[in-house]
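So this block is model.cif, mmCIF, N, CA and C atoms:
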data_input
#
loop_
_atom_site.label_atom_id
_atom_site.label_comp_id
_atom_site.auth_asym_id
_atom_site.auth_seq_id
_atom_site.Cartn_x
_atom_site.Cartn_y
_atom_site.Cartn_z
N MET A 776 97.73 -7.22 -26.73
CA MET A 776 96.31 -7.02 -26.98
C MET A 776 96.03 -7.36 -28.45
N HIS A 777 94.93 -8.05 -28.68
CA HIS A 777 94.55 -8.44 -30.03
C HIS A 777 94.25 -7.19 -30.88
N PRO A 778 94.63 -7.19 -32.16
CA PRO A 778 94.39 -6.03 -33.02
C PRO A 778 92.91 -5.64 -33.12
N PHE A 779 91.99 -6.61 -33.08
CA PHE A 779 90.57 -6.29 -33.11
C PHE A 779 90.18 -5.51 -31.86
N ARG A 780 90.57 -6.02 -30.72
CA ARG A 780 90.25 -5.34 -29.46
C ARG A 780 90.83 -3.93 -29.44
N LYS A 781 92.08 -3.81 -29.87
CA LYS A 781 92.73 -2.50 -29.89
C LYS A 781 91.97 -1.53 -30.80
N ALA A 782 91.57 -1.98 -31.98
CA ALA A 782 90.84 -1.11 -32.91
C ALA A 782 89.49 -0.68 -32.31
N VAL A 783 88.77 -1.62 -31.72
CA VAL A 783 87.46 -1.27 -31.14
C VAL A 783 87.64 -0.30 -29.98
N GLU A 784 88.56 -0.58 -29.10
CA GLU A 784 88.76 0.29 -27.93
C GLU A 784 89.23 1.68 -28.34
N ASN A 785 89.92 1.79 -29.47
CA ASN A 785 90.34 3.10 -29.98
C ASN A 785 89.30 3.73 -30.90
N ARG A 786 88.14 3.06 -31.04
CA ARG A 786 87.06 3.53 -31.92
C ARG A 786 87.59 3.75 -33.35
N ASP A 787 88.48 2.87 -33.76
CA ASP A 787 89.11 2.91 -35.08
C ASP A 787 88.32 2.00 -36.02
N ILE A 788 87.22 2.53 -36.59
CA ILE A 788 86.36 1.70 -37.43
C ILE A 788 87.09 1.23 -38.68
N ALA A 789 88.01 2.03 -39.21
CA ALA A 789 88.79 1.59 -40.38
C ALA A 789 89.65 0.39 -40.02
N GLY A 790 90.21 0.39 -38.82
CA GLY A 790 90.99 -0.74 -38.36
C GLY A 790 90.15 -1.99 -38.18
N VAL A 791 88.93 -1.82 -37.67
CA VAL A 791 88.01 -2.95 -37.53
C VAL A 791 87.64 -3.49 -38.91
N GLU A 792 87.27 -2.59 -39.82
CA GLU A 792 86.88 -3.00 -41.17
C GLU A 792 88.00 -3.75 -41.88
N ALA A 793 89.24 -3.34 -41.66
CA ALA A 793 90.37 -4.00 -42.30
C ALA A 793 90.51 -5.45 -41.84
N LEU A 794 89.96 -5.78 -40.68
CA LEU A 794 90.05 -7.15 -40.17
C LEU A 794 88.88 -8.03 -40.62
N LEU A 795 87.90 -7.46 -41.31
CA LEU A 795 86.74 -8.23 -41.76
C LEU A 795 87.01 -8.89 -43.10
N ALA A 796 86.67 -10.16 -43.21
CA ALA A 796 86.74 -10.86 -44.50
C ALA A 796 85.59 -10.36 -45.37
N ASP A 797 85.76 -10.41 -46.67
CA ASP A 797 84.69 -9.99 -47.58
C ASP A 797 83.42 -10.81 -47.37
N ASP A 798 83.57 -12.08 -47.00
CA ASP A 798 82.42 -12.96 -46.83
C ASP A 798 82.01 -13.15 -45.36
N VAL A 799 82.37 -12.19 -44.51
CA VAL A 799 82.04 -12.29 -43.09
C VAL A 799 80.53 -12.44 -42.91
N VAL A 800 80.16 -13.23 -41.91
CA VAL A 800 78.75 -13.39 -41.53
C VAL A 800 78.60 -12.86 -40.11
N PHE A 801 77.70 -11.87 -39.97
CA PHE A 801 77.46 -11.24 -38.67
C PHE A 801 76.14 -11.76 -38.13
N THR A 802 76.18 -12.31 -36.91
CA THR A 802 74.98 -12.79 -36.25
C THR A 802 74.68 -11.88 -35.08
N SER A 803 73.55 -11.21 -35.17
CA SER A 803 73.13 -10.21 -34.18
C SER A 803 72.50 -10.88 -32.96
N PRO A 804 72.60 -10.21 -31.81
CA PRO A 804 71.92 -10.75 -30.63
C PRO A 804 70.42 -10.49 -30.64
N VAL A 805 69.94 -9.63 -31.55
CA VAL A 805 68.54 -9.22 -31.50
C VAL A 805 67.78 -9.45 -32.81
N VAL A 806 68.43 -10.01 -33.83
CA VAL A 806 67.78 -10.27 -35.11
C VAL A 806 68.04 -11.73 -35.46
N PHE A 807 67.01 -12.42 -35.94
CA PHE A 807 67.13 -13.84 -36.23
C PHE A 807 68.06 -14.13 -37.40
N LYS A 808 67.90 -13.41 -38.50
CA LYS A 808 68.65 -13.70 -39.72
C LYS A 808 70.05 -13.10 -39.66
N PRO A 809 71.08 -13.89 -39.94
CA PRO A 809 72.44 -13.34 -40.00
C PRO A 809 72.59 -12.40 -41.20
N TYR A 810 73.56 -11.51 -41.11
CA TYR A 810 73.89 -10.58 -42.19
C TYR A 810 75.19 -11.05 -42.83
N ALA A 811 75.21 -11.14 -44.15
CA ALA A 811 76.39 -11.63 -44.86
C ALA A 811 77.06 -10.50 -45.62
N GLY A 812 78.37 -10.38 -45.46
CA GLY A 812 79.15 -9.44 -46.22
C GLY A 812 79.81 -8.36 -45.38
N LYS A 813 80.93 -7.90 -45.91
CA LYS A 813 81.74 -6.90 -45.21
C LYS A 813 81.03 -5.55 -45.11
N ALA A 814 80.35 -5.11 -46.17
CA ALA A 814 79.74 -3.79 -46.17
C ALA A 814 78.66 -3.67 -45.09
N ILE A 815 77.74 -4.64 -45.02
CA ILE A 815 76.67 -4.55 -44.02
C ILE A 815 77.22 -4.75 -42.62
N THR A 816 78.20 -5.65 -42.45
CA THR A 816 78.78 -5.87 -41.13
C THR A 816 79.47 -4.61 -40.62
N ALA A 817 80.26 -3.98 -41.47
CA ALA A 817 80.95 -2.74 -41.07
C ALA A 817 79.94 -1.65 -40.73
N ALA A 818 78.87 -1.54 -41.51
CA ALA A 818 77.85 -0.52 -41.24
C ALA A 818 77.15 -0.79 -39.91
N ILE A 819 76.87 -2.07 -39.61
CA ILE A 819 76.26 -2.42 -38.33
C ILE A 819 77.21 -2.05 -37.18
N LEU A 820 78.48 -2.36 -37.34
CA LEU A 820 79.44 -2.04 -36.28
C LEU A 820 79.57 -0.54 -36.06
N ARG A 821 79.48 0.25 -37.14
CA ARG A 821 79.46 1.72 -36.97
C ARG A 821 78.23 2.15 -36.19
N GLY A 822 77.08 1.53 -36.49
CA GLY A 822 75.86 1.83 -35.74
C GLY A 822 76.00 1.48 -34.28
N VAL A 823 76.61 0.33 -33.99
CA VAL A 823 76.83 -0.09 -32.61
C VAL A 823 77.70 0.94 -31.89
N MET A 824 78.73 1.41 -32.56
CA MET A 824 79.60 2.42 -31.94
C MET A 824 78.84 3.70 -31.63
N ARG A 825 77.80 3.98 -32.41
CA ARG A 825 77.00 5.18 -32.14
C ARG A 825 76.07 4.99 -30.94
N VAL A 826 75.58 3.76 -30.70
CA VAL A 826 74.58 3.58 -29.64
C VAL A 826 75.17 3.09 -28.32
N PHE A 827 76.31 2.41 -28.35
CA PHE A 827 76.92 1.96 -27.10
C PHE A 827 77.58 3.13 -26.37
N GLU A 828 77.32 3.20 -25.08
CA GLU A 828 77.99 4.17 -24.22
C GLU A 828 78.85 3.36 -23.23
N ASP A 829 79.92 3.96 -22.77
CA ASP A 829 80.76 3.33 -21.74
C ASP A 829 81.19 1.91 -22.12
N PHE A 830 81.49 1.69 -23.39
CA PHE A 830 81.88 0.36 -23.86
C PHE A 830 83.27 0.01 -23.35
N THR A 831 83.41 -1.19 -22.77
CA THR A 831 84.69 -1.66 -22.26
C THR A 831 84.80 -3.17 -22.43
N TYR A 832 85.90 -3.63 -23.00
CA TYR A 832 86.18 -5.06 -22.97
C TYR A 832 86.74 -5.39 -21.60
N VAL A 833 86.25 -6.46 -21.00
CA VAL A 833 86.70 -6.84 -19.66
C VAL A 833 87.47 -8.16 -19.66
N ARG A 834 87.38 -8.92 -20.76
CA ARG A 834 88.11 -10.19 -20.83
C ARG A 834 88.27 -10.60 -22.28
N GLU A 835 89.38 -11.24 -22.55
CA GLU A 835 89.66 -11.77 -23.89
C GLU A 835 90.05 -13.23 -23.73
N ILE A 836 89.38 -14.09 -24.47
CA ILE A 836 89.63 -15.53 -24.38
C ILE A 836 89.94 -16.02 -25.79
N ALA A 837 91.01 -16.82 -25.93
CA ALA A 837 91.39 -17.32 -27.25
C ALA A 837 91.73 -18.79 -27.18
N ASN A 838 91.45 -19.50 -28.27
CA ASN A 838 91.89 -20.89 -28.32
C ASN A 838 93.36 -20.93 -28.73
N PRO A 839 94.03 -22.03 -28.51
CA PRO A 839 95.48 -22.07 -28.76
C PRO A 839 95.90 -21.75 -30.19
N ASP A 840 95.09 -22.10 -31.20
CA ASP A 840 95.50 -21.82 -32.58
C ASP A 840 95.23 -20.38 -33.00
N GLY A 841 94.57 -19.61 -32.14
CA GLY A 841 94.35 -18.20 -32.40
C GLY A 841 93.25 -17.87 -33.39
N ARG A 842 92.51 -18.88 -33.84
CA ARG A 842 91.48 -18.62 -34.85
C ARG A 842 90.11 -18.34 -34.25
N ASP A 843 89.94 -18.61 -32.96
CA ASP A 843 88.68 -18.32 -32.28
C ASP A 843 88.95 -17.47 -31.06
N HIS A 844 88.19 -16.39 -30.95
CA HIS A 844 88.34 -15.48 -29.82
C HIS A 844 86.96 -15.13 -29.27
N ALA A 845 86.92 -14.90 -27.97
CA ALA A 845 85.73 -14.37 -27.30
C ALA A 845 86.18 -13.12 -26.56
N PHE A 846 85.48 -12.02 -26.82
CA PHE A 846 85.77 -10.75 -26.17
C PHE A 846 84.56 -10.36 -25.33
N VAL A 847 84.68 -10.44 -24.02
CA VAL A 847 83.60 -10.12 -23.09
C VAL A 847 83.61 -8.62 -22.85
N PHE A 848 82.41 -8.00 -22.90
CA PHE A 848 82.34 -6.55 -22.75
C PHE A 848 81.18 -6.12 -21.87
N THR A 849 81.25 -4.87 -21.44
CA THR A 849 80.15 -4.19 -20.78
C THR A 849 79.89 -2.90 -21.54
N ALA A 850 78.66 -2.43 -21.46
CA ALA A 850 78.29 -1.18 -22.11
C ALA A 850 76.96 -0.73 -21.54
N THR A 851 76.54 0.47 -21.95
CA THR A 851 75.24 1.01 -21.60
C THR A 851 74.54 1.41 -22.88
N VAL A 852 73.25 1.11 -22.96
CA VAL A 852 72.42 1.52 -24.09
C VAL A 852 71.12 2.08 -23.52
N ALA A 853 70.83 3.33 -23.83
CA ALA A 853 69.59 3.97 -23.37
C ALA A 853 69.40 3.80 -21.86
N GLY A 854 70.48 3.94 -21.11
CA GLY A 854 70.41 3.86 -19.66
C GLY A 854 70.42 2.45 -19.10
N LYS A 855 70.43 1.44 -19.95
CA LYS A 855 70.45 0.04 -19.50
C LYS A 855 71.87 -0.51 -19.60
N GLN A 856 72.35 -1.05 -18.48
CA GLN A 856 73.67 -1.67 -18.49
C GLN A 856 73.56 -3.08 -19.05
N LEU A 857 74.53 -3.44 -19.88
CA LEU A 857 74.51 -4.78 -20.43
C LEU A 857 75.87 -5.42 -20.36
N GLN A 858 75.85 -6.73 -20.43
CA GLN A 858 77.06 -7.53 -20.56
C GLN A 858 76.92 -8.26 -21.89
N GLY A 859 78.04 -8.45 -22.56
CA GLY A 859 77.97 -9.15 -23.83
C GLY A 859 79.27 -9.81 -24.17
N CYS A 860 79.23 -10.50 -25.30
CA CYS A 860 80.43 -11.18 -25.78
C CYS A 860 80.42 -11.18 -27.30
N ASP A 861 81.56 -10.81 -27.86
CA ASP A 861 81.80 -10.93 -29.30
C ASP A 861 82.55 -12.24 -29.52
N PHE A 862 81.96 -13.15 -30.27
CA PHE A 862 82.61 -14.41 -30.63
C PHE A 862 83.09 -14.28 -32.06
N LEU A 863 84.39 -14.35 -32.26
CA LEU A 863 84.97 -14.16 -33.58
C LEU A 863 85.71 -15.41 -34.03
N HIS A 864 85.55 -15.73 -35.31
CA HIS A 864 86.34 -16.78 -35.94
C HIS A 864 87.13 -16.13 -37.07
N PHE A 865 88.40 -16.46 -37.13
CA PHE A 865 89.30 -15.89 -38.14
C PHE A 865 89.61 -16.94 -39.20
N ASP A 866 89.57 -16.52 -40.46
CA ASP A 866 89.90 -17.43 -41.55
C ASP A 866 91.41 -17.64 -41.63
N GLU A 867 91.85 -18.40 -42.60
CA GLU A 867 93.27 -18.72 -42.73
C GLU A 867 94.13 -17.50 -43.06
N ASP A 868 93.49 -16.40 -43.54
CA ASP A 868 94.22 -15.17 -43.84
C ASP A 868 94.22 -14.19 -42.65
N GLY A 869 93.64 -14.62 -41.52
CA GLY A 869 93.61 -13.76 -40.34
C GLY A 869 92.49 -12.73 -40.35
N ARG A 870 91.50 -12.91 -41.23
CA ARG A 870 90.35 -12.01 -41.30
C ARG A 870 89.15 -12.65 -40.58
N ILE A 871 88.31 -11.80 -40.02
CA ILE A 871 87.11 -12.29 -39.31
C ILE A 871 86.10 -12.74 -40.35
N ASN A 872 85.73 -14.03 -40.30
CA ASN A 872 84.71 -14.51 -41.23
C ASN A 872 83.42 -14.93 -40.52
N GLU A 873 83.45 -14.99 -39.21
CA GLU A 873 82.24 -15.21 -38.41
C GLU A 873 82.30 -14.27 -37.22
N PHE A 874 81.21 -13.53 -37.02
CA PHE A 874 81.14 -12.52 -35.95
C PHE A 874 79.77 -12.67 -35.30
N THR A 875 79.75 -13.24 -34.10
CA THR A 875 78.49 -13.47 -33.38
C THR A 875 78.53 -12.67 -32.08
N VAL A 876 77.43 -11.98 -31.80
CA VAL A 876 77.33 -11.17 -30.59
C VAL A 876 76.18 -11.69 -29.73
N MET A 877 76.42 -11.79 -28.45
CA MET A 877 75.38 -12.13 -27.48
C MET A 877 75.40 -11.10 -26.38
N VAL A 878 74.19 -10.74 -25.87
CA VAL A 878 74.09 -9.77 -24.78
C VAL A 878 73.05 -10.23 -23.77
N ARG A 879 73.19 -9.69 -22.59
CA ARG A 879 72.24 -9.91 -21.51
C ARG A 879 72.20 -8.67 -20.65
N PRO A 880 71.27 -8.42 -19.82
CA PRO A 880 70.00 -9.10 -19.64
C PRO A 880 69.00 -8.72 -20.73
N LEU A 881 67.83 -9.31 -20.67
CA LEU A 881 66.81 -9.09 -21.69
C LEU A 881 66.43 -7.62 -21.82
N SER A 882 66.32 -6.91 -20.69
CA SER A 882 65.95 -5.49 -20.76
C SER A 882 66.98 -4.68 -21.55
N ALA A 883 68.25 -5.02 -21.41
CA ALA A 883 69.30 -4.33 -22.17
C ALA A 883 69.28 -4.77 -23.63
N ALA A 884 69.01 -6.06 -23.88
CA ALA A 884 68.90 -6.53 -25.26
C ALA A 884 67.76 -5.83 -25.97
N ASN A 885 66.65 -5.63 -25.26
CA ASN A 885 65.52 -4.91 -25.85
C ASN A 885 65.88 -3.45 -26.14
N ALA A 886 66.62 -2.82 -25.24
CA ALA A 886 67.06 -1.44 -25.46
C ALA A 886 68.01 -1.38 -26.66
N LEU A 887 68.88 -2.37 -26.78
CA LEU A 887 69.79 -2.43 -27.92
C LEU A 887 69.02 -2.63 -29.22
N ALA A 888 68.03 -3.50 -29.21
CA ALA A 888 67.22 -3.73 -30.41
C ALA A 888 66.53 -2.44 -30.84
N ALA A 889 65.98 -1.69 -29.89
CA ALA A 889 65.31 -0.44 -30.22
C ALA A 889 66.30 0.60 -30.75
N ALA A 890 67.45 0.71 -30.11
CA ALA A 890 68.45 1.70 -30.53
C ALA A 890 69.00 1.36 -31.91
N MET A 891 69.26 0.09 -32.17
CA MET A 891 69.77 -0.30 -33.48
C MET A 891 68.68 -0.20 -34.54
N GLY A 892 67.45 -0.47 -34.17
CA GLY A 892 66.34 -0.31 -35.11
C GLY A 892 66.25 1.13 -35.60
N ALA A 893 66.49 2.07 -34.69
CA ALA A 893 66.46 3.49 -35.05
C ALA A 893 67.63 3.86 -35.96
N GLN A 894 68.68 3.06 -35.95
CA GLN A 894 69.87 3.32 -36.78
C GLN A 894 69.78 2.65 -38.15
N PHE A 895 68.81 1.75 -38.34
CA PHE A 895 68.93 0.84 -39.47
C PHE A 895 68.80 1.48 -40.85
N GLU A 896 68.03 2.53 -41.00
CA GLU A 896 68.01 3.21 -42.30
C GLU A 896 69.39 3.73 -42.67
N GLN A 897 70.06 4.35 -41.71
CA GLN A 897 71.42 4.85 -41.94
C GLN A 897 72.38 3.70 -42.21
N ILE A 898 72.24 2.61 -41.48
CA ILE A 898 73.10 1.44 -41.69
C ILE A 898 72.94 0.91 -43.11
N GLU A 899 71.70 0.78 -43.57
CA GLU A 899 71.46 0.28 -44.92
C GLU A 899 72.03 1.22 -45.98
N ARG A 900 71.91 2.53 -45.78
CA ARG A 900 72.49 3.51 -46.72
C ARG A 900 74.01 3.37 -46.75
N GLU A 901 74.63 3.27 -45.57
CA GLU A 901 76.08 3.12 -45.50
C GLU A 901 76.54 1.85 -46.21
N ALA A 902 75.84 0.76 -45.98
CA ALA A 902 76.21 -0.53 -46.59
C ALA A 902 76.06 -0.44 -48.12
N ALA A 903 74.99 0.17 -48.59
CA ALA A 903 74.76 0.29 -50.04
C ALA A 903 75.82 1.18 -50.68
N GLY A 904 76.25 2.21 -49.97
CA GLY A 904 77.27 3.11 -50.50
C GLY A 904 78.65 2.49 -50.56
N ALA A 905 78.88 1.45 -49.75
CA ALA A 905 80.20 0.82 -49.71
C ALA A 905 80.36 -0.26 -50.78
N GLN A 906 79.26 -0.64 -51.38
CA GLN A 906 79.33 -1.74 -52.37
C GLN A 906 79.60 -1.24 -53.76
#
Represent the supplied structure as structure tokens.
Amino acid sequence: MHPFRKAVENRDIAGVEALLADDVVFTSPVVFKPYAGKAITAAILRGVMRVFEDFTYVREIANPDGRDHAFVFTATVAGKQLQGCDFLHFDEDGRINEFTVMVRPLSAANALAAAMGAQFEQIEREAAGAQ
């Protein structure tokens, strides 16, 4: 099992953060502008861990060189079941430098947007405190 998947499934946010590159770029499924940097990405991932219920990875796909991975997942947010995928690219040091998330269906994406919107003041405080 990939160390990222293991850390997420164990809700080990420190383990996830250790895999993030300082210059990681996080692309959200519900916000147009990407977020740049380890502090904001880690804070967003902590927020996601607070709002996702019944989170489970159901498939892991990797390219032969191991630098690109897709982790397919299911979860529930505010009673809406969703399917999603974390697309990760790893730099030459084995750290995640690109993190893109996609989710479906639209009703679940909307529920996720609302739930994360309610978290965003806390996310911004956490990110500012980590810098």
* Asked: For the file shown, what are the residues hit by the PyMOL selection byres ((chain A and resi 826-839) around 7), laid out as a PyMOL selection string?
  -> chain A and resi 784+821-825+840-853+890-891
* Name every residue that the PyMOL selection byres (((chain A and resi 889 and name CA) around 12) and name CA) selects in this structure, writing the answer as a list in words with chains first and numbers rising. => Val805, Val806, Val823, Val826, Val852, Ala853, Lys855, Ser882, Ala883, Ala884, Asn885, Ala886, Leu887, Ala888, Ala890, Met891, Gly892, Ala893, Gln894 and Phe895 of chain A
Selected residues written out with N, CA and C atoms, as a PDB file, in the coordinates of the input:
ATOM      1  N   VAL A 805      69.940  -9.630 -31.550  1.00  0.00           N
ATOM      2  CA  VAL A 805      68.540  -9.220 -31.500  1.00  0.00           C
ATOM      3  C   VAL A 805      67.780  -9.450 -32.810  1.00  0.00           C
ATOM      4  N   VAL A 806      68.430 -10.010 -33.830  1.00  0.00           N
ATOM      5  CA  VAL A 806      67.780 -10.270 -35.110  1.00  0.00           C
ATOM      6  C   VAL A 806      68.040 -11.730 -35.460  1.00  0.00           C
ATOM      7  N   VAL A 823      76.610   0.330 -33.990  1.00  0.00           N
ATOM      8  CA  VAL A 823      76.830  -0.090 -32.610  1.00  0.00           C
ATOM      9  C   VAL A 823      77.700   0.940 -31.890  1.00  0.00           C
ATOM     10  N   VAL A 826      75.580   3.760 -30.700  1.00  0.00           N
ATOM     11  CA  VAL A 826      74.580   3.580 -29.640  1.00  0.00           C
ATOM     12  C   VAL A 826      75.170   3.090 -28.320  1.00  0.00           C
ATOM     13  N   VAL A 852      73.250   1.110 -22.960  1.00  0.00           N
ATOM     14  CA  VAL A 852      72.420   1.520 -24.090  1.00  0.00           C
ATOM     15  C   VAL A 852      71.120   2.080 -23.520  1.00  0.00           C
ATOM     16  N   ALA A 853      70.830   3.330 -23.830  1.00  0.00           N
ATOM     17  CA  ALA A 853      69.590   3.970 -23.370  1.00  0.00           C
ATOM     18  C   ALA A 853      69.400   3.800 -21.860  1.00  0.00           C
ATOM     19  N   LYS A 855      70.430   1.440 -19.950  1.00  0.00           N
ATOM     20  CA  LYS A 855      70.450   0.040 -19.500  1.00  0.00           C
ATOM     21  C   LYS A 855      71.870  -0.510 -19.600  1.00  0.00           C
ATOM     22  N   SER A 882      66.320  -6.910 -20.690  1.00  0.00           N
ATOM     23  CA  SER A 882      65.950  -5.490 -20.760  1.00  0.00           C
ATOM     24  C   SER A 882      66.980  -4.680 -21.550  1.00  0.00           C
ATOM     25  N   ALA A 883      68.250  -5.020 -21.410  1.00  0.00           N
ATOM     26  CA  ALA A 883      69.300  -4.330 -22.170  1.00  0.00           C
ATOM     27  C   ALA A 883      69.280  -4.770 -23.630  1.00  0.00           C
ATOM     28  N   ALA A 884      69.010  -6.060 -23.880  1.00  0.00           N
ATOM     29  CA  ALA A 884      68.900  -6.530 -25.260  1.00  0.00           C
ATOM     30  C   ALA A 884      67.760  -5.830 -25.970  1.00  0.00           C
ATOM     31  N   ASN A 885      66.650  -5.630 -25.260  1.00  0.00           N
ATOM     32  CA  ASN A 885      65.520  -4.910 -25.850  1.00  0.00           C
ATOM     33  C   ASN A 885      65.880  -3.450 -26.140  1.00  0.00           C
ATOM     34  N   ALA A 886      66.620  -2.820 -25.240  1.00  0.00           N
ATOM     35  CA  ALA A 886      67.060  -1.440 -25.460  1.00  0.00           C
ATOM     36  C   ALA A 886      68.010  -1.380 -26.660  1.00  0.00           C
ATOM     37  N   LEU A 887      68.880  -2.370 -26.780  1.00  0.00           N
ATOM     38  CA  LEU A 887      69.790  -2.430 -27.920  1.00  0.00           C
ATOM     39  C   LEU A 887      69.020  -2.630 -29.220  1.00  0.00           C
ATOM     40  N   ALA A 888      68.030  -3.500 -29.210  1.00  0.00           N
ATOM     41  CA  ALA A 888      67.220  -3.730 -30.410  1.00  0.00           C
ATOM     42  C   ALA A 888      66.530  -2.440 -30.840  1.00  0.00           C
ATOM     43  N   ALA A 890      67.450   0.710 -30.110  1.00  0.00           N
ATOM     44  CA  ALA A 890      68.450   1.700 -30.530  1.00  0.00           C
ATOM     45  C   ALA A 890      69.000   1.360 -31.910  1.00  0.00           C
ATOM     46  N   MET A 891      69.260   0.090 -32.170  1.00  0.00           N
ATOM     47  CA  MET A 891      69.770  -0.300 -33.480  1.00  0.00           C
ATOM     48  C   MET A 891      68.680  -0.200 -34.540  1.00  0.00           C
ATOM     49  N   GLY A 892      67.450  -0.470 -34.170  1.00  0.00           N
ATOM     50  CA  GLY A 892      66.340  -0.310 -35.110  1.00  0.00           C
ATOM     51  C   GLY A 892      66.250   1.130 -35.600  1.00  0.00           C
ATOM     52  N   ALA A 893      66.490   2.070 -34.690  1.00  0.00           N
ATOM     53  CA  ALA A 893      66.460   3.490 -35.050  1.00  0.00           C
ATOM     54  C   ALA A 893      67.630   3.860 -35.960  1.00  0.00           C
ATOM     55  N   GLN A 894      68.680   3.060 -35.950  1.00  0.00           N
ATOM     56  CA  GLN A 894      69.870   3.320 -36.780  1.00  0.00           C
ATOM     57  C   GLN A 894      69.780   2.650 -38.150  1.00  0.00           C
ATOM     58  N   PHE A 895      68.810   1.750 -38.340  1.00  0.00           N
ATOM     59  CA  PHE A 895      68.930   0.840 -39.470  1.00  0.00           C
ATOM     60  C   PHE A 895      68.800   1.480 -40.850  1.00  0.00           C
TER      61      PHE A 895
END
* **Between atom CA of A:Arg786 and atom CA of A:Phe865 - distance in Å to one decimal** => 20.5 Å
* Asked: Do you have the atom N of A:Gln856-atom N of A:Ala817 distance handy?
  ->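 Between atom N of A:Gln856 and atom N of A:Ala817 the gap works out to 24.5 Å.
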Where's the centre, and what are the edge lengths in Å to one decimal, of a box along x, y and z enclosing all listed atoms of stretch 802-821 of chain A padded 4 Å per side, as lines of an AutoDock Vina configuration file?
center_x = 74.4
center_y = -6.0
center_z = -38.4
size_x = 22.7
size_y = 24.3
size_z = 23.6
* List every residue of stretch 816-876 of chain A that DSSP, applied to the backbone of this structure, places in helix (DSSP H, G or I), and write the result as a count of residues only. => 11
* Any chance you could work out the residue set of the PyMOL selection byres (((chain A and resi 899-904 and name CA) around 9) and name CA) here, as a list in words? -> Lys813, Ala814, Ile815, Thr816, Ala817, Ala818, Ile819, Gln894, Phe895, Glu896, Gln897, Ile898, Ala905 and Gln906 of chain A
* Structure fact -> Between atom CA of A:Ala811 and atom CA of A:Ala793 lies a distance of 16.1 Å
* **Contacts of stretch 790-792 of chain A within 7 Å, only C-alpha atoms, excl. fewer than 5 positions in-chain, as JSON, numbers by chain** => {"A": [779, 782, 783, 817]}
Could you write out the selected residues, including N, CA and C atoms, as a CSV table (one decimal), in the frame of the given file?
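Full text of again-v7.csv as output:
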chain,number,residue,atom,x,y,z
A,779,PHE,N,92.0,-6.6,-33.1
A,779,PHE,CA,90.6,-6.3,-33.1
A,779,PHE,C,90.2,-5.5,-31.9
A,782,ALA,N,91.6,-2.0,-32.0
A,782,ALA,CA,90.8,-1.1,-32.9
A,782,ALA,C,89.5,-0.7,-32.3
A,783,VAL,N,88.8,-1.6,-31.7
A,783,VAL,CA,87.5,-1.3,-31.1
A,783,VAL,C,87.6,-0.3,-30.0
A,817,ALA,N,80.3,-4.0,-41.5
A,817,ALA,CA,81.0,-2.7,-41.1
A,817,ALA,C,79.9,-1.6,-40.7
* Rank nothing, just name the residue among A:Leu857, A:Val876, A:Leu881, A:Ile871 nearest to A:Pro804, using only C-alpha atoms. =>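 Among A:Leu857, A:Val876, A:Leu881, A:Ile871, it is A:Val876 that comes nearest to A:Pro804.
Closest approach to A:Val799 among A:Arg879, A:Leu863, A:His777, A:Asp787: A:Leu863, based on only C-alpha atoms.
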* Structure fact -> Counting only N, CA and C atoms, closest pick from A:Val800, A:Cys860, A:Asn785, A:Met776 relative to A:Glu873 is A:Val800
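Distance check against A:Tyr810 using only C-alpha atoms: of A:Leu794, A:Asp868, A:Phe874, A:Asp861, the minimum falls on A:Phe874.
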* Asked: DSSP on the backbone: what in stretch 848-893 of chain A comes out strand (DSSP E or B), as a VMD selection string?
  -> chain A and resid 848 to 852 855 to 865 871 to 879
